[in-house]
file final.cif (mmCIF, C-alpha atoms)
data_upload
loop_
_atom_site.label_atom_id
_atom_site.label_comp_id
_atom_site.auth_asym_id
_atom_site.auth_seq_id
_atom_site.Cartn_x
_atom_site.Cartn_y
_atom_site.Cartn_z
CA MET A 1 135.41 53.17 -163.51
CA GLN A 2 135.39 49.39 -163.17
CA VAL A 3 134.62 47.24 -166.20
CA LEU A 4 133.86 43.50 -166.00
CA HIS A 5 132.86 41.06 -168.73
CA ASP A 6 130.36 38.18 -168.48
CA ALA A 7 129.51 39.49 -165.02
CA PRO A 8 126.71 37.93 -162.93
CA LEU A 9 123.75 40.25 -162.33
CA ALA A 10 121.77 38.19 -159.82
CA PRO A 11 123.86 39.40 -156.83
CA LEU A 12 123.02 43.00 -157.82
CA THR A 13 119.25 42.48 -157.48
CA THR A 14 117.10 41.91 -154.41
CA PHE A 15 115.47 38.93 -156.14
CA ARG A 16 118.94 37.34 -156.63
CA LEU A 17 117.76 36.42 -160.12
CA GLY A 18 119.00 37.01 -163.66
CA GLY A 19 121.78 35.86 -165.94
CA PRO A 20 125.08 37.62 -166.70
CA ALA A 21 125.81 40.94 -168.39
CA ASN A 22 128.00 40.96 -171.46
CA ARG A 23 129.70 44.00 -169.92
CA LEU A 24 129.25 45.50 -166.44
CA VAL A 25 130.45 49.03 -165.81
CA THR A 26 130.46 50.50 -162.28
CA ALA A 27 130.51 54.31 -162.19
CA VAL A 28 131.26 56.21 -158.97
CA THR A 29 130.95 59.82 -160.21
CA ASP A 30 128.39 61.69 -162.30
CA GLU A 31 131.06 62.21 -164.93
CA GLU A 32 131.71 58.47 -165.16
CA VAL A 33 127.99 57.81 -165.49
CA VAL A 34 127.67 60.27 -168.36
CA GLU A 35 130.83 58.93 -170.03
CA ALA A 36 129.56 55.34 -169.89
CA VAL A 37 126.15 56.30 -171.26
CA ARG A 38 127.65 58.34 -174.09
CA GLU A 39 130.00 55.51 -174.98
CA ALA A 40 127.18 52.96 -175.15
CA ASP A 41 124.92 55.28 -177.13
CA ALA A 42 127.66 56.16 -179.61
CA ALA A 43 128.34 52.46 -180.24
CA GLY A 44 124.65 51.58 -180.44
CA THR A 45 125.08 49.16 -177.53
CA PRO A 46 121.98 48.22 -175.50
CA LEU A 47 122.21 49.82 -172.05
CA LEU A 48 120.69 48.77 -168.73
CA LEU A 49 120.95 50.94 -165.63
CA ILE A 50 121.13 49.39 -162.15
CA GLY A 51 121.10 51.20 -158.84
CA GLY A 52 120.04 49.17 -155.82
CA GLY A 53 118.50 46.44 -157.97
CA SER A 54 115.33 46.40 -155.89
CA ASN A 55 112.89 46.86 -158.74
CA LEU A 56 114.27 44.60 -161.47
CA VAL A 57 113.30 41.25 -162.94
CA ILE A 58 116.11 40.21 -165.29
CA SER A 59 115.95 37.36 -167.78
CA ASP A 60 117.75 34.12 -166.99
CA LYS A 61 119.70 34.76 -170.19
CA GLY A 62 121.06 37.98 -168.73
CA PHE A 63 121.65 41.16 -170.71
CA ASP A 64 123.44 41.26 -174.05
CA GLY A 65 124.88 44.75 -173.79
CA THR A 66 126.31 47.14 -171.23
CA VAL A 67 124.94 47.21 -167.71
CA LEU A 68 125.79 50.44 -165.92
CA ARG A 69 125.80 50.16 -162.16
CA ILE A 70 125.37 53.64 -160.71
CA ALA A 71 127.39 53.72 -157.47
CA THR A 72 127.73 57.48 -157.05
CA ARG A 73 127.80 58.93 -153.54
CA GLY A 74 126.96 62.30 -152.07
CA VAL A 75 124.57 63.73 -149.48
CA ASP A 76 124.12 67.48 -149.12
CA LEU A 77 121.72 68.43 -146.33
CA ALA A 78 121.43 72.18 -145.77
CA GLY A 79 118.55 73.35 -143.62
CA THR A 80 115.47 71.71 -145.08
CA ARG A 81 117.06 71.17 -148.50
CA LEU A 82 118.43 67.75 -149.38
CA GLU A 83 120.39 66.66 -152.44
CA LEU A 84 121.24 63.00 -153.01
CA ALA A 85 123.50 61.43 -155.58
CA ALA A 86 121.65 58.77 -157.56
CA GLY A 87 123.68 55.93 -156.07
CA GLU A 88 123.01 56.81 -152.44
CA ASN A 89 121.19 54.18 -150.38
CA TRP A 90 117.65 55.45 -149.99
CA SER A 91 116.86 53.94 -146.59
CA GLU A 92 120.06 55.35 -145.11
CA ALA A 93 119.21 58.78 -146.51
CA VAL A 94 115.79 58.66 -144.86
CA ALA A 95 117.46 57.86 -141.54
CA ARG A 96 119.69 60.92 -141.91
CA THR A 97 116.74 63.23 -142.48
CA VAL A 98 115.02 61.90 -139.37
CA GLU A 99 118.19 62.32 -137.33
CA ALA A 100 118.23 65.94 -138.52
CA GLY A 101 114.68 66.41 -137.21
CA LEU A 102 113.13 66.84 -140.66
CA ALA A 103 109.79 65.57 -141.92
CA GLY A 104 108.56 64.48 -145.32
CA VAL A 105 110.07 61.07 -146.08
CA GLU A 106 110.10 59.35 -142.67
CA CYS A 107 107.34 56.92 -143.71
CA LEU A 108 109.45 55.83 -146.69
CA ALA A 109 111.95 54.18 -144.36
CA GLY A 110 113.19 50.69 -145.17
CA ILE A 111 112.44 50.86 -148.88
CA PRO A 112 115.38 49.15 -150.58
CA GLY A 113 117.19 50.66 -153.52
CA SER A 114 118.95 53.85 -154.50
CA ALA A 115 117.93 57.49 -154.40
CA GLY A 116 118.08 57.77 -158.17
CA ALA A 117 115.27 55.26 -158.56
CA THR A 118 112.83 57.15 -156.34
CA PRO A 119 111.63 59.72 -158.91
CA ILE A 120 111.42 57.10 -161.66
CA GLN A 121 108.90 55.00 -159.77
CA ASN A 122 107.51 57.90 -157.71
CA VAL A 123 108.28 55.69 -154.74
CA GLY A 124 105.61 55.71 -152.08
CA ALA A 125 104.43 53.83 -149.01
CA TYR A 126 102.49 54.35 -145.80
CA GLY A 127 100.85 57.56 -146.96
CA GLN A 128 103.90 59.31 -148.42
CA GLU A 129 105.41 59.49 -151.89
CA VAL A 130 108.51 61.27 -153.10
CA ALA A 131 106.56 63.44 -155.55
CA THR A 132 105.45 65.63 -152.64
CA THR A 133 109.00 66.49 -151.56
CA ILE A 134 111.11 66.34 -154.74
CA THR A 135 111.87 69.80 -156.09
CA GLU A 136 114.20 68.92 -158.97
CA VAL A 137 115.80 65.99 -160.72
CA VAL A 138 119.22 66.41 -162.32
CA ALA A 139 119.58 64.01 -165.23
CA TYR A 140 121.60 63.31 -168.34
CA ASP A 141 119.41 63.71 -171.42
CA ARG A 142 120.43 61.04 -173.94
CA VAL A 143 118.65 62.86 -176.76
CA SER A 144 120.21 66.31 -176.34
CA GLY A 145 123.48 64.99 -174.91
CA GLU A 146 123.27 67.52 -172.08
CA THR A 147 122.83 67.41 -168.32
CA VAL A 148 119.47 68.99 -167.49
CA THR A 149 117.60 70.04 -164.35
CA ILE A 150 113.94 69.03 -164.41
CA PRO A 151 111.57 70.74 -161.94
CA ASN A 152 108.90 68.75 -160.12
CA ALA A 153 106.12 70.12 -162.30
CA ASP A 154 107.79 68.64 -165.39
CA CYS A 155 108.43 65.18 -163.91
CA GLY A 156 104.97 63.88 -164.78
CA PHE A 157 104.44 62.30 -161.37
CA SER A 158 101.40 60.11 -160.80
CA TYR A 159 100.72 56.92 -158.86
CA ARG A 160 103.95 54.87 -159.08
CA HIS A 161 104.75 56.62 -162.33
CA SER A 162 106.70 59.49 -163.86
CA ARG A 163 108.02 60.78 -167.19
CA PHE A 164 111.21 58.85 -166.45
CA LYS A 165 109.29 55.58 -166.27
CA SER A 166 107.15 56.28 -169.33
CA ASP A 167 110.24 57.08 -171.43
CA PRO A 168 112.99 55.02 -169.76
CA ASP A 169 115.55 55.48 -172.54
CA ARG A 170 115.54 59.29 -172.39
CA HIS A 171 116.99 60.37 -169.03
CA VAL A 172 119.61 58.99 -166.66
CA VAL A 173 119.02 60.34 -163.16
CA LEU A 174 122.18 61.77 -161.60
CA ARG A 175 120.91 63.69 -158.55
CA VAL A 176 117.61 64.23 -156.75
CA ARG A 177 116.74 67.33 -154.74
CA PHE A 178 114.13 67.51 -151.99
CA ALA A 179 112.45 70.16 -149.84
CA LEU A 180 111.66 68.77 -146.39
CA GLU A 181 109.87 70.31 -143.40
CA ASP A 182 111.27 71.44 -140.09
CA ALA A 183 108.44 70.50 -137.76
CA GLY A 184 110.50 70.55 -134.59
CA GLY A 185 111.31 66.85 -134.83
CA LEU A 186 107.72 65.85 -135.58
CA SER A 187 106.60 63.84 -138.57
CA ALA A 188 104.43 65.06 -141.38
CA PRO A 189 100.71 64.51 -140.65
CA LEU A 190 100.12 60.75 -140.79
CA LYS A 191 97.96 59.76 -143.75
CA TYR A 192 98.02 55.98 -143.51
CA ALA A 193 95.52 54.41 -141.12
CA GLU A 194 97.70 51.39 -140.30
CA THR A 195 100.60 53.60 -139.27
CA ALA A 196 98.36 55.81 -137.15
CA ARG A 197 96.83 52.79 -135.42
CA ALA A 198 100.24 51.34 -134.66
CA LEU A 199 101.24 54.65 -133.08
CA GLY A 200 97.99 55.03 -131.15
CA VAL A 201 96.95 58.27 -132.85
CA GLU A 202 94.40 59.40 -135.41
CA PRO A 203 95.19 59.97 -139.09
CA GLY A 204 96.22 63.57 -139.62
CA GLU A 205 98.12 63.79 -136.34
CA ARG A 206 101.87 64.20 -136.04
CA VAL A 207 104.23 62.11 -133.93
CA ALA A 208 107.98 62.18 -133.42
CA ALA A 209 109.57 61.61 -136.82
CA SER A 210 111.81 58.97 -135.28
CA ALA A 211 108.76 57.11 -133.93
CA ALA A 212 107.10 57.21 -137.34
CA ARG A 213 110.22 55.83 -138.99
CA GLU A 214 110.66 53.05 -136.42
CA THR A 215 106.99 52.08 -136.67
CA VAL A 216 107.13 51.88 -140.45
CA LEU A 217 110.29 49.76 -140.27
CA ALA A 218 108.51 47.40 -137.87
CA LEU A 219 105.44 47.20 -140.09
CA ARG A 220 107.58 46.56 -143.16
CA ALA A 221 109.65 43.91 -141.37
CA GLY A 222 106.47 42.15 -140.33
CA LYS A 223 105.56 41.89 -144.00
CA GLY A 224 109.02 40.78 -145.14
CA MET A 225 109.64 44.16 -146.77
CA VAL A 226 112.98 44.96 -145.10
CA LEU A 227 115.97 43.26 -146.70
CA ASP A 228 117.50 40.42 -144.70
CA PRO A 229 119.96 38.07 -146.45
CA GLU A 230 118.95 35.24 -144.12
CA ASP A 231 115.20 35.61 -144.71
CA HIS A 232 113.95 34.37 -148.08
CA ASP A 233 110.70 36.25 -147.53
CA THR A 234 112.74 39.38 -148.29
CA TRP A 235 114.26 38.01 -151.50
CA SER A 236 111.73 39.97 -153.48
CA ALA A 237 111.04 43.33 -155.10
CA GLY A 238 108.65 44.35 -152.36
CA SER A 239 105.16 44.80 -153.79
CA PHE A 240 105.12 42.93 -157.09
CA PHE A 241 101.82 44.40 -158.31
CA THR A 242 100.49 47.95 -158.11
CA ASN A 243 97.11 48.71 -156.59
CA PRO A 244 94.57 48.88 -159.44
CA VAL A 245 92.94 52.23 -160.20
CA LEU A 246 89.47 51.78 -161.72
CA ASP A 247 87.19 54.23 -163.47
CA ALA A 248 83.52 54.39 -162.49
CA GLY A 249 82.40 51.71 -164.93
CA GLU A 250 85.24 49.36 -164.07
CA HIS A 251 84.63 49.85 -160.36
CA ALA A 252 80.93 49.06 -160.69
CA ALA A 253 81.71 45.88 -162.64
CA PHE A 254 84.31 44.96 -160.03
CA LEU A 255 81.83 45.38 -157.16
CA ALA A 256 79.37 43.15 -158.99
CA ARG A 257 82.02 40.43 -159.34
CA VAL A 258 82.90 40.77 -155.64
CA ALA A 259 79.27 40.35 -154.62
CA GLU A 260 78.89 37.36 -156.91
CA ARG A 261 82.01 35.64 -155.61
CA LEU A 262 82.07 36.64 -151.95
CA GLY A 263 78.46 37.47 -151.24
CA PRO A 264 76.37 40.66 -151.03
CA GLY A 265 77.61 43.17 -148.51
CA THR A 266 81.29 42.37 -149.07
CA GLU A 267 83.12 45.67 -149.31
CA PRO A 268 86.57 45.61 -150.88
CA PRO A 269 89.07 48.33 -149.98
CA ALA A 270 88.36 51.56 -151.87
CA TYR A 271 90.25 54.84 -151.93
CA PRO A 272 89.34 57.88 -154.06
CA ALA A 273 91.92 58.36 -156.80
CA GLY A 274 90.59 61.52 -158.46
CA ASP A 275 88.49 62.08 -161.59
CA GLY A 276 85.82 59.71 -160.30
CA ARG A 277 88.26 56.81 -160.10
CA MET A 278 88.76 54.43 -157.19
CA LYS A 279 91.90 52.59 -156.11
CA THR A 280 91.57 49.16 -154.57
CA SER A 281 94.03 46.81 -152.90
CA ALA A 282 96.08 44.37 -154.95
CA ALA A 283 96.90 42.42 -151.78
CA TRP A 284 93.17 42.02 -151.02
CA LEU A 285 92.47 40.86 -154.56
CA ILE A 286 95.27 38.32 -154.47
CA ASP A 287 94.18 36.91 -151.13
CA LYS A 288 90.47 36.73 -152.02
CA ALA A 289 91.31 35.04 -155.32
CA GLY A 290 92.83 32.19 -153.31
CA PHE A 291 96.51 33.09 -153.34
CA THR A 292 97.21 33.27 -149.64
CA LYS A 293 100.45 33.94 -147.78
CA GLY A 294 103.03 31.26 -148.55
CA TYR A 295 101.18 30.08 -151.67
CA GLY A 296 103.17 27.83 -153.96
CA THR A 297 105.23 24.66 -153.74
CA GLY A 298 108.12 25.53 -156.02
CA PRO A 299 111.24 27.66 -155.60
CA ALA A 300 109.24 30.86 -156.21
CA ARG A 301 106.35 31.48 -153.81
CA ILE A 302 104.21 34.19 -152.34
CA SER A 303 105.78 35.55 -149.17
CA GLY A 304 104.69 33.95 -145.92
CA LYS A 305 104.29 37.47 -144.53
CA HIS A 306 102.55 39.43 -147.30
CA THR A 307 100.55 38.41 -150.36
CA LEU A 308 101.93 41.27 -152.48
CA ALA A 309 105.50 39.98 -152.36
CA LEU A 310 106.62 37.20 -154.70
CA THR A 311 109.80 35.63 -153.42
CA ASN A 312 112.79 33.55 -154.44
CA ARG A 313 113.16 30.75 -151.90
CA GLY A 314 116.82 30.37 -152.83
CA GLU A 315 116.88 28.17 -155.93
CA ALA A 316 114.38 29.94 -158.17
CA THR A 317 114.93 31.12 -161.72
CA THR A 318 113.38 34.16 -163.31
CA GLU A 319 111.06 31.86 -165.26
CA ASP A 320 109.91 30.29 -161.97
CA LEU A 321 109.06 33.75 -160.67
CA LEU A 322 107.24 34.77 -163.85
CA ALA A 323 105.21 31.57 -163.88
CA LEU A 324 103.98 32.39 -160.38
CA ALA A 325 103.29 36.02 -161.29
CA ARG A 326 101.25 34.97 -164.31
CA GLU A 327 99.29 32.46 -162.24
CA VAL A 328 98.41 35.15 -159.71
CA ARG A 329 97.59 37.77 -162.35
CA ASP A 330 95.38 35.40 -164.33
CA GLY A 331 93.67 34.08 -161.20
CA VAL A 332 92.76 37.58 -160.02
CA ARG A 333 91.47 38.52 -163.48
CA GLU A 334 89.32 35.39 -163.63
CA ALA A 335 87.93 35.99 -160.15
CA PHE A 336 87.32 39.73 -160.25
CA GLY A 337 87.79 40.98 -163.80
CA VAL A 338 90.74 43.16 -162.77
CA THR A 339 94.14 42.79 -164.42
CA LEU A 340 97.07 43.39 -162.07
CA VAL A 341 100.10 45.24 -163.41
CA ASN A 342 103.62 44.37 -162.29
CA GLU A 343 105.51 47.10 -160.44
CA PRO A 344 109.10 45.88 -161.03
CA VAL A 345 110.76 46.63 -164.37
CA THR A 346 111.24 43.55 -166.53
CA VAL A 347 114.43 43.13 -168.59
CA GLY A 348 114.38 40.68 -171.48
CA VAL A 349 111.14 39.13 -170.20
CA SER A 350 107.49 40.08 -169.76
CA LEU A 351 104.36 38.85 -168.07
#
call {"tool": "encode", "arguments": {"input": "final.cif", "output": "structure tokens"}}
result
Amino acid sequence: MQVLHDAPLAPLTTFRLGGPANRLVTAVTDEEVVEAVREADAAGTPLLLIGGGSNLVISDKGFDGTVLRIATRGVDLAGTRLELAAGENWSEAVARTVEAGLAGVECLAGIPGSAGATPIQNVGAYGQEVATTITEVVAYDRVSGETVTIPNADCGFSYRHSRFKSDPDRHVVLRVRFALEDAGGLSAPLKYAETARALGVEPGERVAASAARETVLALRAGKGMVLDPEDHDTWSAGSFFTNPVLDAGEHAAFLARVAERLGPGTEPPAYPAGDGRMKTSAAWLIDKAGFTKGYGTGPARISGKHTLALTNRGEATTEDLLALAREVRDGVREAFGVTLVNEPVTVGVSL
């Protein structure tokens, strides 16, 4: 277990932002993770967990406590069952499942970060989310002091949310278990229209899992959503805002604002979200509110490839990023009466 003091955190995040940690611990086994957590909890030391750093916005002042970098490794693929150590690279794990001819996570290719973060955020993209394939999450319970196995039904999964996200100080994810599908090398039925169009098929059809993965990687790259150290459009956390989910009254008020601003007959994206609610597109809202691709003149700007990504152009600070995020959030609320919610976790700062 490696321990460093006054250690920079920016290089550990995809934004390349954030000040130093008072103490940075790197754990490479589950036992080291648990030991480090127990030590911090016993001393009453603030604790921050970092995996791939792809979903974090850390204060310029850094973190006054212990930062635990989870660098555990382990992939166990047996038939259609997959177990990943929390520190495993998620995108590489997806590639392995496709190489094995299995379906279920192929459209989650190219998402940066670690496997342990996937159940926390209920990671999803291009018509798939991990909640549909996760069977169990093995975690250290900081309240009971025990390692527990939590079945899918008890994970509280919903859109980009879970019990782990709602109570972030309770569990430390150690391992994630999945049940995939052997479809003879084919993908799961495609649910996302853009993916289906790119593959020349209809939604609901299957294609080669490898083709689905490659297509998603190409689509993500075109939006600056595949990490590239040389491309500042990828110095981001991917989608910065979640797609708003509106109840019937909120949706009606939203449609009225759209008609008032953009003219009668304008139809914003709408997807049923259950219980009479509708989900709309944050990217559409941002664009129609006047924040187009490449918006901004400072060191933090909207990506030149996708309006949902806020980016560090190389010299930004966390405060630069937050100023842009607030401008976008407030502009969308003023234009359409909808308040966007940030997807990345904020540490020592808030919108």
call {"tool": "residues_around", "arguments": {"input": "final.cif", "residues": "stretch 199-210 of chain A", "least_positions_apart": "6", "cutoff": "12 Å", "atoms": "all atoms listed in the file", "output": "PyMOL selection string"}}
result
chain A and resi 94-109+126-127+181-193+216-219
call {"tool": "residues_around", "arguments": {"input": "final.cif", "residues": "stretch 311-313 of chain A", "least_positions_apart": "6", "cutoff": "10 Å", "atoms": "all atoms listed in the file", "output": "list of chain:residue names"}}
result
A:Thr14, A:Phe15, A:Arg16, A:Leu17, A:Gly224, A:Asp231, A:His232, A:Asp233, A:Thr234, A:Trp235, A:Ser236, A:Ala237, A:Gly238, A:Phe240, A:Gly294, A:Gly298, A:Pro299, A:Ala300, A:Arg301, A:Ile302, A:Ser303, A:Gly304, A:Asp320, A:Leu321, A:Leu324
call {"tool": "write_last_selection", "arguments": {"input": "final.cif", "atoms": "C-alpha atoms", "output": "PDB file, in the frame of the given file"}}
result
ATOM      1  CA  THR A  14     117.100  41.910-154.410  1.00  0.00           C
ATOM      2  CA  PHE A  15     115.470  38.930-156.140  1.00  0.00           C
ATOM      3  CA  ARG A  16     118.940  37.340-156.630  1.00  0.00           C
ATOM      4  CA  LEU A  17     117.760  36.420-160.120  1.00  0.00           C
ATOM      5  CA  GLY A 224     109.020  40.780-145.140  1.00  0.00           C
ATOM      6  CA  ASP A 231     115.200  35.610-144.710  1.00  0.00           C
ATOM      7  CA  HIS A 232     113.950  34.370-148.080  1.00  0.00           C
ATOM      8  CA  ASP A 233     110.700  36.250-147.530  1.00  0.00           C
ATOM      9  CA  THR A 234     112.740  39.380-148.290  1.00  0.00           C
ATOM     10  CA  TRP A 235     114.260  38.010-151.500  1.00  0.00           C
ATOM     11  CA  SER A 236     111.730  39.970-153.480  1.00  0.00           C
ATOM     12  CA  ALA A 237     111.040  43.330-155.100  1.00  0.00           C
ATOM     13  CA  GLY A 238     108.650  44.350-152.360  1.00  0.00           C
ATOM     14  CA  PHE A 240     105.120  42.930-157.090  1.00  0.00           C
ATOM     15  CA  GLY A 294     103.030  31.260-148.550  1.00  0.00           C
ATOM     16  CA  GLY A 298     108.120  25.530-156.020  1.00  0.00           C
ATOM     17  CA  PRO A 299     111.240  27.660-155.600  1.00  0.00           C
ATOM     18  CA  ALA A 300     109.240  30.860-156.210  1.00  0.00           C
ATOM     19  CA  ARG A 301     106.350  31.480-153.810  1.00  0.00           C
ATOM     20  CA  ILE A 302     104.210  34.190-152.340  1.00  0.00           C
ATOM     21  CA  SER A 303     105.780  35.550-149.170  1.00  0.00           C
ATOM     22  CA  GLY A 304     104.690  33.950-145.920  1.00  0.00           C
ATOM     23  CA  ASP A 320     109.910  30.290-161.970  1.00  0.00           C
ATOM     24  CA  LEU A 321     109.060  33.750-160.670  1.00  0.00           C
ATOM     25  CA  LEU A 324     103.980  32.390-160.380  1.00  0.00           C
TER      26      LEU A 324
END
call {"tool": "resolve_selection", "arguments": {"input": "final.cif", "expression": "the PyMOL selection byres ((chain A and resi 31-37) around 8)", "output": "list in words"}}
result
Met1, Val25, Ala27, Val28, Thr29, Asp30, Arg38, Glu39, Ala40, Asp41, Leu47, Leu68, Ile70, Tyr140 and Arg142 of chain A
call {"tool": "write_last_selection", "arguments": {"input": "final.cif", "atoms": "C-alpha atoms", "output": "PDB file, in the coordinates of the input"}}
result
ATOM      1  CA  MET A   1     135.410  53.170-163.510  1.00  0.00           C
ATOM      2  CA  VAL A  25     130.450  49.030-165.810  1.00  0.00           C
ATOM      3  CA  ALA A  27     130.510  54.310-162.190  1.00  0.00           C
ATOM      4  CA  VAL A  28     131.260  56.210-158.970  1.00  0.00           C
ATOM      5  CA  THR A  29     130.950  59.820-160.210  1.00  0.00           C
ATOM      6  CA  ASP A  30     128.390  61.690-162.300  1.00  0.00           C
ATOM      7  CA  ARG A  38     127.650  58.340-174.090  1.00  0.00           C
ATOM      8  CA  GLU A  39     130.000  55.510-174.980  1.00  0.00           C
ATOM      9  CA  ALA A  40     127.180  52.960-175.150  1.00  0.00           C
ATOM     10  CA  ASP A  41     124.920  55.280-177.130  1.00  0.00           C
ATOM     11  CA  LEU A  47     122.210  49.820-172.050  1.00  0.00           C
ATOM     12  CA  LEU A  68     125.790  50.440-165.920  1.00  0.00           C
ATOM     13  CA  ILE A  70     125.370  53.640-160.710  1.00  0.00           C
ATOM     14  CA  TYR A 140     121.600  63.310-168.340  1.00  0.00           C
ATOM     15  CA  ARG A 142     120.430  61.040-173.940  1.00  0.00           C
TER      16      ARG A 142
END
call {"tool": "residues_around", "arguments": {"input": "final.cif", "residues": "A:Gly124", "least_positions_apart": "3", "cutoff": "9 Å", "atoms": "only C-alpha atoms", "output": "NGL selection string"}}
result
:A and (107-108 or 111 or 118 or 121 or 127-131 or 159-160)
call {"tool": "residues_near_point", "arguments": {"input": "final.cif", "point": "(115.8, 69.1, -155.1)", "cutoff": "9 Å", "atoms": "all atoms listed in the file", "output": "MDAnalysis selection string"}}
result
chainID A and resid 81:84 133:138 151:152 175:179
call {"tool": "resolve_selection", "arguments": {"input": "final.cif", "expression": "the PyMOL selection byres ((chain A and resi 282) around 9)", "output": "list in words"}}
result
Phe241, Thr242, Asn243, Pro244, Thr280, Ser281, Ala283, Trp284, Leu285, Ile286, Asp287, Thr307, Leu308 and Leu340 of chain A
call {"tool": "closest_residue", "arguments": {"input": "final.cif", "among": "A:Cys155, A:Ala115, A:Leu180, A:Ala198", "to": "A:Glu92", "atoms": "all atoms listed in the file"}}
result
A:Ala115
call {"tool": "atom_distance", "arguments": {"input": "final.cif", "atom1": "atom CA of A:Ala93", "atom2": "atom CA of A:Asp228"}}
result
18.5 Å
call {"tool": "residues_near_point", "arguments": {"input": "final.cif", "point": "(121.8, 48.2, -158.8)", "cutoff": "12 Å", "atoms": "only C-alpha atoms", "output": "compact mmCIF listing (two decimals) with C-alpha atoms, in the coordinates of the input"}}
result
# COMPACT_ATOMS: atom_id res chain seq x y z
CA LEU A 9 123.75 40.25 -162.33
CA ALA A 10 121.77 38.19 -159.82
CA PRO A 11 123.86 39.40 -156.83
CA LEU A 12 123.02 43.00 -157.82
CA THR A 13 119.25 42.48 -157.48
CA THR A 14 117.10 41.91 -154.41
CA PHE A 15 115.47 38.93 -156.14
CA ARG A 16 118.94 37.34 -156.63
CA LEU A 24 129.25 45.50 -166.44
CA VAL A 25 130.45 49.03 -165.81
CA THR A 26 130.46 50.50 -162.28
CA ALA A 27 130.51 54.31 -162.19
CA LEU A 48 120.69 48.77 -168.73
CA LEU A 49 120.95 50.94 -165.63
CA ILE A 50 121.13 49.39 -162.15
CA GLY A 51 121.10 51.20 -158.84
CA GLY A 52 120.04 49.17 -155.82
CA GLY A 53 118.50 46.44 -157.97
CA SER A 54 115.33 46.40 -155.89
CA ASN A 55 112.89 46.86 -158.74
CA LEU A 56 114.27 44.60 -161.47
CA VAL A 57 113.30 41.25 -162.94
CA ILE A 58 116.11 40.21 -165.29
CA VAL A 67 124.94 47.21 -167.71
CA LEU A 68 125.79 50.44 -165.92
CA ARG A 69 125.80 50.16 -162.16
CA ILE A 70 125.37 53.64 -160.71
CA ALA A 71 127.39 53.72 -157.47
CA THR A 72 127.73 57.48 -157.05
CA ALA A 86 121.65 58.77 -157.56
CA GLY A 87 123.68 55.93 -156.07
CA GLU A 88 123.01 56.81 -152.44
CA ASN A 89 121.19 54.18 -150.38
CA PRO A 112 115.38 49.15 -150.58
CA GLY A 113 117.19 50.66 -153.52
CA SER A 114 118.95 53.85 -154.50
CA ALA A 115 117.93 57.49 -154.40
CA GLY A 116 118.08 57.77 -158.17
CA ALA A 117 115.27 55.26 -158.56
call {"tool": "closest_residue", "arguments": {"input": "final.cif", "among": "A:Val338, A:Val332, A:Ala42, A:Val148", "to": "A:Asp247", "atoms": "all atoms listed in the file"}}
result
A:Val338
call {"tool": "atom_distance", "arguments": {"input": "final.cif", "atom1": "atom CA of A:Arg163", "atom2": "atom CA of A:Ile120"}}
result
7.5 Å
call {"tool": "closest_residue", "arguments": {"input": "final.cif", "among": "A:Ala273, A:Phe336, A:Tyr295, A:Asp76", "to": "A:Ala259", "atoms": "only C-alpha atoms"}}
result
A:Phe336
call {"tool": "atom_distance", "arguments": {"input": "final.cif", "atom1": "atom CA of A:Arg261", "atom2": "atom CA of A:Gly290"}}
result
11.6 Å
call {"tool": "resolve_selection", "arguments": {"input": "final.cif", "expression": "the PyMOL selection byres ((chain A and resi 165) around 12)", "output": "VMD selection string"}}
result
chain A and resid 117 to 123 155 to 164 166 to 173 343 to 345
call {"tool": "axis_aligned_box", "arguments": {"input": "final.cif", "around": "stretch 289-305 of chain A", "padding_each_side": "4 Å", "output": "JSON"}}
result
{"center_x": 101.3, "center_y": 31.1, "center_z": -150.4, "size_x": 27.9, "size_y": 20.8, "size_z": 19.7}
call {"tool": "closest_residue", "arguments": {"input": "final.cif", "among": "A:Thr66, A:Thr339, A:Thr318, A:Thr45", "to": "A:Ala21", "atoms": "only C-alpha atoms"}}
result
A:Thr66
call {"tool": "closest_residue", "arguments": {"input": "final.cif", "among": "A:Ala316, A:Gly110, A:Lys61, A:Gly249", "to": "A:Gly222", "atoms": "all atoms listed in the file"}}
result
A:Gly110
